[in-house]
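Peer 1: What follows is upload.csv, made up of CSV, C-alpha atoms and all ligand atoms:
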chain,number,residue,atom,x,y,z
C,1,MET,CA,75.0,60.4,28.6
C,2,VAL,CA,72.3,62.8,29.6
C,3,LYS,CA,73.6,65.9,31.4
C,4,SER,CA,72.7,66.0,35.1
C,5,LYS,CA,69.9,68.5,35.8
C,6,ASN,CA,70.0,71.4,38.2
C,7,ILE,CA,66.7,71.3,40.0
C,8,VAL,CA,65.1,74.3,41.9
C,9,VAL,CA,62.3,73.4,44.3
C,10,PHE,CA,59.7,75.9,45.5
C,11,ALA,CA,57.9,75.0,48.7
C,12,SER,CA,55.9,76.8,51.4
C,13,GLY,CA,55.1,74.1,54.0
C,14,THR,CA,56.0,70.7,55.2
C,15,GLY,CA,58.0,69.9,52.2
C,16,SER,CA,57.3,66.1,52.2
C,17,ASN,CA,57.3,66.1,48.3
C,18,PHE,CA,60.6,68.0,48.4
C,19,THR,CA,62.1,65.4,50.6
C,20,SER,CA,60.8,62.6,48.5
C,21,ILE,CA,62.7,64.0,45.5
C,22,HIS,CA,65.8,64.4,47.6
C,23,LYS,CA,65.6,60.8,48.7
C,24,ASP,CA,65.5,59.5,45.2
C,25,ILE,CA,68.4,61.7,44.2
C,26,LYS,CA,70.5,60.4,47.1
C,27,GLY,CA,69.3,56.8,46.1
C,28,GLY,CA,70.8,57.4,42.6
C,29,LYS,CA,67.5,57.2,40.8
C,30,ILE,CA,67.4,60.8,39.6
C,31,ASN,CA,70.0,62.3,37.3
C,32,GLY,CA,70.0,65.7,39.0
C,33,GLU,CA,70.7,67.7,42.0
C,34,ILE,CA,68.5,70.1,44.1
C,35,VAL,CA,70.6,73.3,43.8
C,36,LEU,CA,68.2,75.7,45.5
C,37,LEU,CA,65.0,75.8,47.6
C,38,ILE,CA,62.9,78.9,47.1
C,39,THR,CA,60.3,79.7,49.8
C,40,ASN,CA,58.0,82.5,50.9
C,41,ASN,CA,58.0,81.0,54.4
C,42,ASP,CA,61.2,81.1,56.3
C,43,HIS,CA,59.8,79.0,59.2
C,44,CYS,CA,58.6,76.0,57.2
C,45,LYS,CA,59.9,72.5,57.6
C,46,ALA,CA,61.1,72.5,54.0
C,47,VAL,CA,63.7,75.2,55.0
C,48,GLU,CA,64.8,73.1,58.0
C,49,PHE,CA,65.3,70.1,55.8
C,50,ALA,CA,67.2,72.1,53.2
C,51,GLU,CA,69.5,73.5,55.8
C,52,ALA,CA,70.1,70.2,57.4
C,53,ASN,CA,71.0,68.7,54.0
C,54,GLY,CA,73.3,71.5,52.7
C,55,ILE,CA,70.8,72.8,50.1
C,56,LYS,CA,70.9,76.6,49.5
C,57,VAL,CA,67.7,78.4,50.6
C,58,SER,CA,66.4,81.6,49.1
C,59,ILE,CA,63.5,83.4,50.9
C,60,ILE,CA,61.2,85.8,49.0
C,61,ASN,CA,59.6,88.3,51.3
C,62,LYS,CA,56.2,89.9,51.1
C,63,ASN,CA,57.5,93.2,49.8
C,64,ILE,CA,59.1,91.5,46.8
C,65,ILE,CA,56.1,89.3,46.1
C,66,SER,CA,53.7,92.3,46.1
C,67,ASP,CA,55.7,94.1,43.4
C,68,ILE,CA,55.5,92.2,40.1
C,69,ALA,CA,58.7,93.7,38.6
C,70,LYS,CA,60.7,93.1,41.7
C,71,HIS,CA,59.3,89.6,42.0
C,72,GLU,CA,60.2,88.7,38.5
C,73,ASP,CA,63.6,90.3,38.8
C,74,PHE,CA,64.4,88.4,42.0
C,75,LEU,CA,63.4,85.0,40.6
C,76,PHE,CA,65.2,85.6,37.3
C,77,ARG,CA,68.4,86.3,39.2
C,78,GLU,CA,68.0,83.4,41.6
C,79,LEU,CA,67.2,80.9,38.9
C,80,GLU,CA,70.0,82.0,36.6
C,81,SER,CA,72.5,82.0,39.4
C,82,VAL,CA,72.2,78.3,39.8
C,83,LYS,CA,71.7,77.5,36.0
C,84,THR,CA,68.2,76.1,36.5
C,85,ASP,CA,67.2,73.2,34.2
C,86,LEU,CA,64.0,72.2,36.1
C,87,ILE,CA,61.7,74.0,38.5
C,88,VAL,CA,59.5,71.9,40.8
C,89,LEU,CA,56.5,73.5,42.6
C,90,ALA,CA,56.1,71.2,45.6
C,91,GLY,CA,53.4,72.8,47.8
C,92,TYR,CA,54.3,76.3,46.9
C,93,LEU,CA,51.4,78.7,47.7
C,94,LYS,CA,52.3,81.8,45.8
C,95,MET,CA,51.8,82.6,42.1
C,96,ILE,CA,54.8,82.3,39.8
C,97,PRO,CA,55.0,85.5,37.7
C,98,LEU,CA,54.1,85.2,34.0
C,99,ASN,CA,57.5,86.0,32.6
C,100,ILE,CA,59.1,83.3,34.6
C,101,ILE,CA,56.5,80.8,33.4
C,102,LEU,CA,57.2,81.8,29.8
C,103,LYS,CA,60.9,81.7,30.1
C,104,TYR,CA,60.9,78.2,31.7
C,105,LYS,CA,58.0,76.8,29.6
C,106,ASN,CA,57.8,73.0,29.8
C,107,ARG,CA,60.4,73.1,32.5
C,108,ILE,CA,58.2,73.8,35.5
C,109,LEU,CA,56.4,70.9,37.2
C,110,ASN,CA,53.5,71.2,39.7
C,111,ILE,CA,52.0,68.5,41.8
C,112,HIS,CA,48.3,68.8,42.6
C,113,PRO,CA,46.3,66.6,45.0
C,114,SER,CA,43.4,65.7,42.7
C,115,LEU,CA,42.7,64.3,39.3
C,116,LEU,CA,42.9,67.5,37.3
C,117,PRO,CA,41.0,69.1,35.7
C,118,LYS,CA,38.7,68.1,38.6
C,119,PHE,CA,39.1,70.1,41.8
C,120,GLY,CA,41.8,72.4,40.4
C,121,GLY,CA,42.1,76.2,40.0
C,122,LYS,CA,41.8,79.1,42.3
C,123,GLY,CA,40.6,78.2,45.8
C,124,PHE,CA,41.4,74.5,45.5
C,125,TYR,CA,44.4,73.9,47.7
C,126,GLY,CA,45.2,71.8,50.7
C,127,MET,CA,42.3,70.2,52.6
C,128,LYS,CA,39.8,72.2,50.5
C,129,VAL,CA,40.5,69.8,47.6
C,130,HIS,CA,39.9,66.7,49.7
C,131,LYS,CA,36.8,68.1,51.4
C,132,ALA,CA,35.3,68.9,48.0
C,133,VAL,CA,36.1,65.4,46.7
C,134,ILE,CA,34.2,63.9,49.7
C,135,GLU,CA,31.3,66.3,49.4
C,136,SER,CA,30.9,65.5,45.7
C,137,ARG,CA,30.9,61.8,46.5
C,138,GLU,CA,33.6,61.1,43.9
C,139,THR,CA,34.4,57.4,43.3
C,140,TYR,CA,38.1,58.2,42.6
C,141,THR,CA,40.6,60.8,43.4
C,142,GLY,CA,44.3,61.0,43.1
C,143,ALA,CA,47.3,63.2,42.2
C,144,THR,CA,48.4,65.0,39.1
C,145,VAL,CA,51.8,66.2,37.9
C,146,HIS,CA,51.6,68.8,35.1
C,147,PHE,CA,53.7,71.4,33.4
C,148,VAL,CA,52.8,74.9,34.6
C,149,ASP,CA,51.3,77.4,32.1
C,150,GLU,CA,49.8,80.8,32.6
C,151,ILE,CA,46.6,79.5,34.0
C,152,TYR,CA,46.4,78.0,37.5
C,153,ASP,CA,46.4,74.2,37.6
C,154,ASN,CA,45.8,74.2,33.8
C,155,GLY,CA,49.0,73.2,32.0
C,156,PRO,CA,49.6,69.9,30.1
C,157,ILE,CA,49.1,66.9,32.3
C,158,ILE,CA,52.2,64.6,32.4
C,159,MET,CA,51.0,61.8,34.7
C,160,GLN,CA,48.2,61.0,37.2
C,161,LYS,CA,47.7,58.3,39.8
C,162,LYS,CA,44.3,57.5,41.1
C,163,ILE,CA,42.9,55.9,44.2
C,164,GLU,CA,39.4,54.7,45.1
C,165,VAL,CA,37.4,56.8,47.5
C,166,LEU,CA,35.8,54.3,49.9
C,167,ASN,CA,32.5,54.9,51.9
C,168,LYS,CA,34.5,55.0,55.1
C,169,ASP,CA,36.9,57.7,53.8
C,170,THR,CA,37.0,61.2,55.2
C,171,SER,CA,38.9,64.2,53.9
C,172,ASP,CA,41.7,63.4,56.3
C,173,SER,CA,42.1,59.8,55.3
C,174,ILE,CA,42.0,60.8,51.6
C,175,ALA,CA,44.6,63.5,52.2
C,176,LYS,CA,46.9,60.9,53.7
C,177,LYS,CA,46.4,58.4,50.9
C,178,VAL,CA,46.8,61.0,48.2
C,179,LEU,CA,50.0,62.4,49.8
C,180,ASP,CA,51.4,58.8,49.8
C,181,ILE,CA,50.8,58.6,46.1
C,182,GLU,CA,52.4,62.0,45.5
C,183,HIS,CA,55.6,60.8,47.1
C,184,LYS,CA,55.9,58.2,44.4
C,185,LEU,CA,54.5,60.1,41.5
C,186,LEU,CA,56.5,63.3,41.7
C,187,PRO,CA,59.9,61.8,42.1
C,188,TYR,CA,59.1,59.4,39.2
C,189,VAL,CA,58.2,62.3,36.9
C,190,VAL,CA,61.3,64.3,38.0
C,191,GLN,CA,63.4,61.2,37.3
C,192,LYS,CA,61.9,61.0,33.8
C,193,PHE,CA,62.4,64.7,33.1
C,194,CYS,CA,66.0,64.4,34.2
C,195,SER,CA,66.7,61.6,31.8
C,196,ASP,CA,65.1,63.5,29.0
C,197,SER,CA,62.3,60.9,28.8
C,198,ILE,CA,59.3,63.2,28.7
C,199,ILE,CA,58.5,63.8,25.0
C,200,LEU,CA,56.2,66.6,23.9
C,201,LYS,CA,54.0,65.5,21.0
C,202,ASP,CA,51.5,68.0,19.7
C,203,LYS,CA,51.9,69.9,22.9
C,204,ALA,CA,50.9,66.8,25.0
C,205,PRO,CA,53.6,65.3,27.2
C,206,ILE,CA,54.3,61.6,26.7
C,207,ILE,CA,56.0,59.7,29.5
C,208,THR,CA,57.0,56.1,29.4
C,209,GLY,CA,56.7,53.4,32.1
C,210,ASP,CA,54.7,53.6,35.3
C,211,VAL,CA,55.3,54.3,39.0
C,212,GLU,CA,56.2,51.2,41.1
D,1,LIG,C1,50.7,68.5,48.4
D,1,LIG,O1,49.5,67.9,48.7
D,1,LIG,C2,50.7,69.0,47.0
D,1,LIG,O2,49.9,68.3,46.1
D,1,LIG,C3,50.2,70.4,47.1
D,1,LIG,O3,50.6,70.8,48.4
D,1,LIG,C4,50.9,69.7,49.2
D,1,LIG,C5,52.3,69.9,49.7
D,1,LIG,O4,52.7,69.0,50.7
D,1,LIG,N1,50.5,71.2,46.0
D,1,LIG,P1,54.2,68.9,51.2
D,1,LIG,O5,54.6,70.3,51.6
D,1,LIG,O6,55.0,68.5,50.0
D,1,LIG,O7,54.2,68.0,52.3
Can the structure from this file be put into structure tokens for me?
Ligand code: GRF

Peer 2:
Amino acid sequence: MVKSKNIVVFASGTGSNFTSIHKDIKGGKINGEIVLLITNNDHCKAVEFAEANGIKVSIINKNIISDIAKHEDFLFRELESVKTDLIVLAGYLKMIPLNIILKYKNRILNIHPSLLPKFGGKGFYGMKVHKAVIESRETYTGATVHFVDEIYDNGPIIMQKKIEVLNKDTSDSIAKKVLDIEHKLLPYVVQKFCSDSIILKDKAPIITGDVE
């Protein structure tokens, strides 16, 4: 029997990906528990959801984030206090300090709303990604879940789902369709992680099965 995983979610906004993971945990699909939400935005919907569902919330303020040593120290303490097995970045808009990335190597997942490496890296977040996809007249776009490494949106890709970009699509319609895929893709990868089913071979993650 695989040990149940302690999951820490980082989110800064709506938190729809956070809630999609929570739903699959409550539905018995994921062998884990969300033990903490970390946010830089105490007014966001993710916080409301966490509080309404009895999930502990930790808020990092600007003063901590602007001091690298304090930032690392704060996160180390918070993550250790709940015996973190997995970190999920679900719409988190701040950088994770390098020493945290190194300590939790291959245990930090990020979801990005494009088919990385396309439309990733600094400056590509939120609607900027979808606008760039429309402007470049891409035939496909989608979502990517990857392990986080020291470079923005660069770590090993675990799984991607793609959708067709139709002539009538706008950045808004694409944003909606991509978010729908994210809500299936991210819980699926979390589920696989929590059942120890993501295998690293030659540094490349291998995952079995497919999203329903
Ligand atoms: C998602 O599109 C995700 O890919 C990106 O930020 C957005 C977060 O949305 N990293 P939500 O807060 O989960 O609704």

Peer 1: Tell me which of C:Val133, C:Leu79, C:Ile207, C:Met1 sits closest to Ile108 (chain C), counting all atoms listed in the file.

Peer 2: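 Of all the options, C:Leu79 lies closest to Ile108 (chain C).
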
Peer 1: Would you work out the distance separating CA of Lys118 (chain C) from CA of Val8 (chain C), expressed in Å to one decimal?

Peer 2: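 Computing it gives 27.3 Å between the two atoms.
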
Peer 1: Can you build me a table of chain C residues sitting at most 7 Å from ligand LIG 1 (chain D), with the closest atom pair per residue and its distance in Å to one decimal, using all atoms listed in the file, sorted by chain and residue number, as JSON lines?

Peer 2:
{"residue": "C:Ala11", "atom": "CA", "partner": "D:LIG1", "partner_atom": "O5", "distance": 6.4}
{"residue": "C:Ser12", "atom": "CA", "partner": "D:LIG1", "partner_atom": "O5", "distance": 6.6}
{"residue": "C:Gly13", "atom": "CA", "partner": "D:LIG1", "partner_atom": "O5", "distance": 4.5}
{"residue": "C:Thr14", "atom": "CA", "partner": "D:LIG1", "partner_atom": "O5", "distance": 3.9}
{"residue": "C:Gly15", "atom": "CA", "partner": "D:LIG1", "partner_atom": "O5", "distance": 3.5}
{"residue": "C:Ser16", "atom": "CA", "partner": "D:LIG1", "partner_atom": "O7", "distance": 3.6}
{"residue": "C:Asn17", "atom": "CA", "partner": "D:LIG1", "partner_atom": "O6", "distance": 3.7}
{"residue": "C:Phe18", "atom": "CA", "partner": "D:LIG1", "partner_atom": "O6", "distance": 5.8}
{"residue": "C:Ala90", "atom": "CA", "partner": "D:LIG1", "partner_atom": "O6", "distance": 5.3}
{"residue": "C:Gly91", "atom": "CA", "partner": "D:LIG1", "partner_atom": "O3", "distance": 3.5}
{"residue": "C:Tyr92", "atom": "CA", "partner": "D:LIG1", "partner_atom": "N1", "distance": 6.4}
{"residue": "C:Asn110", "atom": "CA", "partner": "D:LIG1", "partner_atom": "N1", "distance": 7.0}
{"residue": "C:Ile111", "atom": "CA", "partner": "D:LIG1", "partner_atom": "O2", "distance": 4.8}
{"residue": "C:His112", "atom": "CA", "partner": "D:LIG1", "partner_atom": "O2", "distance": 3.9}
{"residue": "C:Pro113", "atom": "CA", "partner": "D:LIG1", "partner_atom": "O2", "distance": 4.1}
{"residue": "C:Tyr125", "atom": "CA", "partner": "D:LIG1", "partner_atom": "C3", "distance": 6.8}
{"residue": "C:Gly126", "atom": "CA", "partner": "D:LIG1", "partner_atom": "O3", "distance": 6.0}
{"residue": "C:Ala143", "atom": "CA", "partner": "D:LIG1", "partner_atom": "O2", "distance": 6.9}
{"residue": "C:Leu179", "atom": "CA", "partner": "D:LIG1", "partner_atom": "O1", "distance": 5.6}
{"residue": "C:Glu182", "atom": "CA", "partner": "D:LIG1", "partner_atom": "O2", "distance": 6.8}

Peer 1: Given the choices C:Asn106, C:Ser114, C:Thr84, C:Ser136, which gets closest to Gln160 (chain C) if the distance is worked out from only C-alpha atoms?

Peer 2: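 Nearest to Gln160 (chain C): C:Ser114.
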
Peer 1: Mind giving me the straight-line distance from CA of Ile163 (chain C) to CA of Val145 (chain C) in Å, one decimal?

Peer 2: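 CA of Val145 (chain C) lies 15.0 Å from CA of Ile163 (chain C).
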
Peer 1: Determine the nearest neighbour of Ile181 (chain C) from the options C:Asn53, C:Ile134, C:Asn167, C:Ser20, counting only C-alpha atoms.

Peer 2: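 Distance minimum relative to Ile181 (chain C) lands on C:Ser20.
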
Peer 1: Give me the residues within 8 Å of Pro117 (chain C) as a list of chain:residue names, counting all atoms listed in the file and dropping any in the same chain fewer than 3 places off.

Peer 2: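 What passes the distance filter is C:Gly120, C:Asp153, C:Asn154.
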
Peer 1: Applying 12 Å and only C-alpha atoms, which residues near Gly54 (chain C) remain after dropping the ones on its own chain fewer than 2 positions away? List them as a PyMOL selection string.

Peer 2: chain C and resi 22+33-37+47-52+56-57

Peer 1: Just want the 10 Å neighbourhood of Leu102 (chain C), counted on all atoms listed in the file, with same-chain residues fewer than 6 positions away dropped. Output as a VMD selection string.

Peer 2: chain C and resid 108 148 to 150

Peer 1: Distance CA of Ile55 (chain C)-CA of Val2 (chain C), one decimal place?

Peer 2: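 Separating CA of Ile55 (chain C) from CA of Val2 (chain C) is a distance of 22.9 Å.
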
Peer 1: At a cut-off of 9 Å, using all atoms listed in the file, what residues contact Ile157 (chain C)? Leave out same-chain residues fewer than 4 positions from it and give the result as a JSON list (two decimals) with C-alpha atoms, in the coordinates of the input.

Peer 2:
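Full text of selection_22.json as output:
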[["chain", "number", "residue", "atom", "x", "y", "z"],
["C", 116, "LEU", "CA", 42.90, 67.50, 37.30],
["C", 144, "THR", "CA", 48.40, 65.00, 39.10],
["C", 145, "VAL", "CA", 51.80, 66.20, 37.90],
["C", 146, "HIS", "CA", 51.60, 68.80, 35.10],
["C", 147, "PHE", "CA", 53.70, 71.40, 33.40],
["C", 204, "ALA", "CA", 50.90, 66.80, 25.00],
["C", 205, "PRO", "CA", 53.60, 65.30, 27.20]]

Peer 1: Go ahead and find all residues with at least one atom no further than 12 Å from (59.4, 65.0, 33.9) in the file's coordinates, using only C-alpha atoms; report them as a PDB file with C-alpha atoms, in the coordinates of the input.

Peer 2:
ATOM      1  CA  LYS C   5      69.900  68.500  35.800  1.00  0.00           C
ATOM      2  CA  ILE C   7      66.700  71.300  40.000  1.00  0.00           C
ATOM      3  CA  ILE C  30      67.400  60.800  39.600  1.00  0.00           C
ATOM      4  CA  ASN C  31      70.000  62.300  37.300  1.00  0.00           C
ATOM      5  CA  GLY C  32      70.000  65.700  39.000  1.00  0.00           C
ATOM      6  CA  ASP C  85      67.200  73.200  34.200  1.00  0.00           C
ATOM      7  CA  LEU C  86      64.000  72.200  36.100  1.00  0.00           C
ATOM      8  CA  ILE C  87      61.700  74.000  38.500  1.00  0.00           C
ATOM      9  CA  VAL C  88      59.500  71.900  40.800  1.00  0.00           C
ATOM     10  CA  ASN C 106      57.800  73.000  29.800  1.00  0.00           C
ATOM     11  CA  ARG C 107      60.400  73.100  32.500  1.00  0.00           C
ATOM     12  CA  ILE C 108      58.200  73.800  35.500  1.00  0.00           C
ATOM     13  CA  LEU C 109      56.400  70.900  37.200  1.00  0.00           C
ATOM     14  CA  ASN C 110      53.500  71.200  39.700  1.00  0.00           C
ATOM     15  CA  ILE C 111      52.000  68.500  41.800  1.00  0.00           C
ATOM     16  CA  VAL C 145      51.800  66.200  37.900  1.00  0.00           C
ATOM     17  CA  HIS C 146      51.600  68.800  35.100  1.00  0.00           C
ATOM     18  CA  PHE C 147      53.700  71.400  33.400  1.00  0.00           C
ATOM     19  CA  VAL C 148      52.800  74.900  34.600  1.00  0.00           C
ATOM     20  CA  PRO C 156      49.600  69.900  30.100  1.00  0.00           C
ATOM     21  CA  ILE C 157      49.100  66.900  32.300  1.00  0.00           C
ATOM     22  CA  ILE C 158      52.200  64.600  32.400  1.00  0.00           C
ATOM     23  CA  MET C 159      51.000  61.800  34.700  1.00  0.00           C
ATOM     24  CA  LEU C 185      54.500  60.100  41.500  1.00  0.00           C
ATOM     25  CA  LEU C 186      56.500  63.300  41.700  1.00  0.00           C
ATOM     26  CA  PRO C 187      59.900  61.800  42.100  1.00  0.00           C
ATOM     27  CA  TYR C 188      59.100  59.400  39.200  1.00  0.00           C
ATOM     28  CA  VAL C 189      58.200  62.300  36.900  1.00  0.00           C
ATOM     29  CA  VAL C 190      61.300  64.300  38.000  1.00  0.00           C
ATOM     30  CA  GLN C 191      63.400  61.200  37.300  1.00  0.00           C
ATOM     31  CA  LYS C 192      61.900  61.000  33.800  1.00  0.00           C
ATOM     32  CA  PHE C 193      62.400  64.700  33.100  1.00  0.00           C
ATOM     33  CA  CYS C 194      66.000  64.400  34.200  1.00  0.00           C
ATOM     34  CA  SER C 195      66.700  61.600  31.800  1.00  0.00           C
ATOM     35  CA  ASP C 196      65.100  63.500  29.000  1.00  0.00           C
ATOM     36  CA  SER C 197      62.300  60.900  28.800  1.00  0.00           C
ATOM     37  CA  ILE C 198      59.300  63.200  28.700  1.00  0.00           C
ATOM     38  CA  ILE C 199      58.500  63.800  25.000  1.00  0.00           C
ATOM     39  CA  LEU C 200      56.200  66.600  23.900  1.00  0.00           C
ATOM     40  CA  PRO C 205      53.600  65.300  27.200  1.00  0.00           C
ATOM     41  CA  ILE C 206      54.300  61.600  26.700  1.00  0.00           C
ATOM     42  CA  ILE C 207      56.000  59.700  29.500  1.00  0.00           C
ATOM     43  CA  THR C 208      57.000  56.100  29.400  1.00  0.00           C
TER      44      THR C 208
END

Peer 1: For a quick check of understanding, using all atoms listed in the file, which of C:Thr139, C:Asn99, C:Asn40, C:Ser171 has the smallest distance to Met127 (chain C)?

Peer 2: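 That would be C:Ser171, the residue with the smallest distance to Met127 (chain C).
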
Peer 1: Nearest residue to Lys62 (chain C) out of C:Ser4, C:Thr141, C:Thr39, C:Thr19, using all atoms listed in the file?

Peer 2: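 Of all the options, C:Thr39 lies closest to Lys62 (chain C).
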
Peer 1: Which residue gives the smallest distance to Gly123 (chain C) among C:Val211, C:Leu98, C:Leu75, C:Leu93, with only C-alpha atoms counted?

Peer 2: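 Checking each candidate against Gly123 (chain C), we get C:Leu93 as the closest.
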